[in-house]
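Asker: Please read through the structure below; I'll follow up with questions.
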Amino acid sequence: MDLRLSAAEESFRAEVSDWLDANLPPDFDPDRFEFGMTADERWDWQLAWHRRLHAGGWVGLHWPREYGGRGATLMEQVIFADELAKRRLPAGANLLGILLVGPTLMQWGTEAQKKRFLPKILSAEEIWCQGYSEPGSGSDLASLQTRAVRDGDAFVVNGQKVWTSGAHRADWCILLARTDPEAPKHRGISYLLVDMRSPGITVRPLVQMTGSAGFNEVFFEDVRVPRANLVGEEHRGWEVAITTLMFERAGLGTDLRFEGALESLVAAARHARRAGRPAIEDPGVREQLAQFAIEATALRYSGYRQLTRRLKGQPPGPEGSMAKLVGSELNLRMAQYAVALLGPAAQIDTNEAGEPPGHWLARELMARAHTIAGGTSEIQRNILAERVLGLPR
Ligand SMILES: Cc1cc2nc3c(=O)[nH]c(=O)nc-3n(C[C@H](O)[C@H](O)[C@H](O)COP(=O)(O)OP(=O)(O)OC[C@H]3O[C@@H](n4cnc5c(N)ncnc54)[C@H](O)[C@@H]3O)c2cc1C
């Protein structure tokens, strides 16, 4: 593993850094963006930021040039993500479209589908959501019950999805539906592209304990989906769905950054008091902070190891489950520790001088979600046990 950047990579970093510094919206305040805006304000901000990134050619960095991307190497993507993270800047607005849907269509879509959908994914003119999970099917996704029945040149869809992130803002949905109920469960599923404005779709936002409503229940009642919107073969959508999940797992966990959180945890330890003294003077607290720093560093180096694998041309393997598991659990433990350290003061959530730093309560309430989304911690442990450690089922 060679951690140095080549001259070309160094110059790419300089180019990214210069562009971001020149184009950073002057009113950008990362704390306000994460914790101080309403969901609508945040979305508007992110859309405007997306347009700016797109105009600069920074959206879909990893997409091939023929599809409007930049054809960036893996290292260039890492550098770009790094420069965003340093400034606590978010990526653009159409994350699921760009990370999951676009790459899946590049692999499985017809020429007509690629031509129709890819440019508008990049520009965020069309926002996408992922209709996989159902009330009775999450971890065991292949047990899904939403039905799609062929009727002439269309499928007619009936059923319900749940936890559909961003469905309330989405124009399109990648939908898994059962087309052959007689076949073994992985065999009878098809992968459809569904226009969210089709008659028969009802979207109901779910309010989370953070107070915001990021995901939804989505109901399908006799929704007609043109046959041209089938991706891959009929009844063989599971293979397409797995491609999407591989792209999802490869991206999850690696996007959790700890430098800022560690800094803010140290600030919380300076703010909190133990026996009349700043908590950071307590050796037990210092030891725990050091332990978090060690784990975050170990995670970063494991990430580099995975990156090296990918640079050698190997696909993201089940090791991606390790980053997802360890990253999301560390993120949760750090938030829980900060809230315990601050005590009732953690409930005060302002940016005023003298108030506890870090918005730790909001972070704790959100942190649990990362241990569930994209495959729960228990499921990641199962994958690691079976496919990495080779333990018996
Ligand atoms: C923030 C967030 C965003 C999401 N966004 C989307 C989205 O956009 N689109 C979408 O389709 N879904 C989305 N989801 C849903 C997510 O994929 C599911 O919540 C997840 O896969 C778990 O499924 P479930 O909720 O049905 O739990 P279940 O599968 O019912 O699991 C319940 C519990 O049982 C455990 N368990 C289940 N099976 C096993 C097993 N074999 N071994 C050991 N333990 C097991 C689980 O770990 C869990 O603790 C989102 C979830 C979250 C939290």
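Labels used: A, B, ... for chains in the order of the structure tokens, numbers from 1 for residues in each chain, and numbers from 1 for ligands as shown.
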Give me, as a Markdown table, each residue of chain A that comes within 8 Å of ligand 1, together with its shortest interatomic pair and the distance in Å at one decimal, counting only C-alpha atoms and all ligand atoms, with rows ordered by chain and rising residue number.

Answerer:
```
| residue | atom | partner | partner_atom_place_in_ligand_line | distance |
| --- | --- | --- | --- | --- |
| A:Cys129 | CA | ligand 1 | 8 (O) | 6.0 |
| A:Gln130 | CA | ligand 1 | 9 (N) | 4.5 |
| A:Gly131 | CA | ligand 1 | 11 (O) | 4.5 |
| A:Tyr132 | CA | ligand 1 | 11 (O) | 3.4 |
| A:Ser133 | CA | ligand 1 | 11 (O) | 3.7 |
| A:Glu134 | CA | ligand 1 | 26 (O) | 6.8 |
| A:Pro135 | CA | ligand 1 | 26 (O) | 6.4 |
| A:Gly136 | CA | ligand 1 | 26 (O) | 6.3 |
| A:Ser137 | CA | ligand 1 | 26 (O) | 5.2 |
| A:Gly138 | CA | ligand 1 | 26 (O) | 3.2 |
| A:Ser139 | CA | ligand 1 | 29 (O) | 3.6 |
| A:Asp140 | CA | ligand 1 | 29 (O) | 6.0 |
| A:Leu141 | CA | ligand 1 | 21 (O) | 7.4 |
| A:Lys161 | CA | ligand 1 | 11 (O) | 7.1 |
| A:Val162 | CA | ligand 1 | 12 (N) | 6.6 |
| A:Trp163 | CA | ligand 1 | 13 (C) | 4.6 |
| A:Thr164 | CA | ligand 1 | 8 (O) | 3.9 |
| A:Ser165 | CA | ligand 1 | 8 (O) | 3.7 |
| A:Gly166 | CA | ligand 1 | 8 (O) | 6.9 |
| A:Ala167 | CA | ligand 1 | 8 (O) | 7.8 |
| A:Gly214 | CA | ligand 1 | 1 (C) | 7.6 |
| A:Phe215 | CA | ligand 1 | 5 (N) | 6.6 |
| A:Arg368 | CA | ligand 1 | 53 (C) | 7.6 |
| A:Ala369 | CA | ligand 1 | 53 (C) | 4.2 |
| A:His370 | CA | ligand 1 | 1 (C) | 6.1 |
| A:Thr371 | CA | ligand 1 | 53 (C) | 7.3 |
| A:Ile372 | CA | ligand 1 | 53 (C) | 4.7 |
| A:Ala373 | CA | ligand 1 | 52 (C) | 3.8 |
| A:Gly374 | CA | ligand 1 | 17 (O) | 4.7 |
| A:Gly375 | CA | ligand 1 | 21 (O) | 4.4 |
| A:Thr376 | CA | ligand 1 | 47 (O) | 4.7 |
| A:Ser377 | CA | ligand 1 | 47 (O) | 6.0 |
| A:Glu378 | CA | ligand 1 | 47 (O) | 4.3 |
| A:Ile379 | CA | ligand 1 | 47 (O) | 5.6 |
| A:Asn382 | CA | ligand 1 | 42 (N) | 6.6 |
```

Asker: Just asking: which residues within range 153-385 of chain A are strand (DSSP E or B) according to DSSP, as number ranges by chain?

Answerer: A: 154-165, 172-178, 189-195, 201-206, 215-226, 230-231, 236, 273-274, 277-278

Asker: Write out as a list in words all residues of range 142-186 of chain A that DSSP puts in helix (DSSP H, G or I) for this structure's backbone.

Answerer: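 Matching residues, listed in order: Ala142, Ser143, Ala167, His168 and Arg169 of chain A.
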
Asker: Between A:Glu259, A:Asp282, A:Glu319, A:Asp40, single out the one closest to Glu295 in chain A, counting only C-alpha atoms.

Answerer: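 Checking each candidate against Glu295 in chain A, we get A:Glu259 as the closest.
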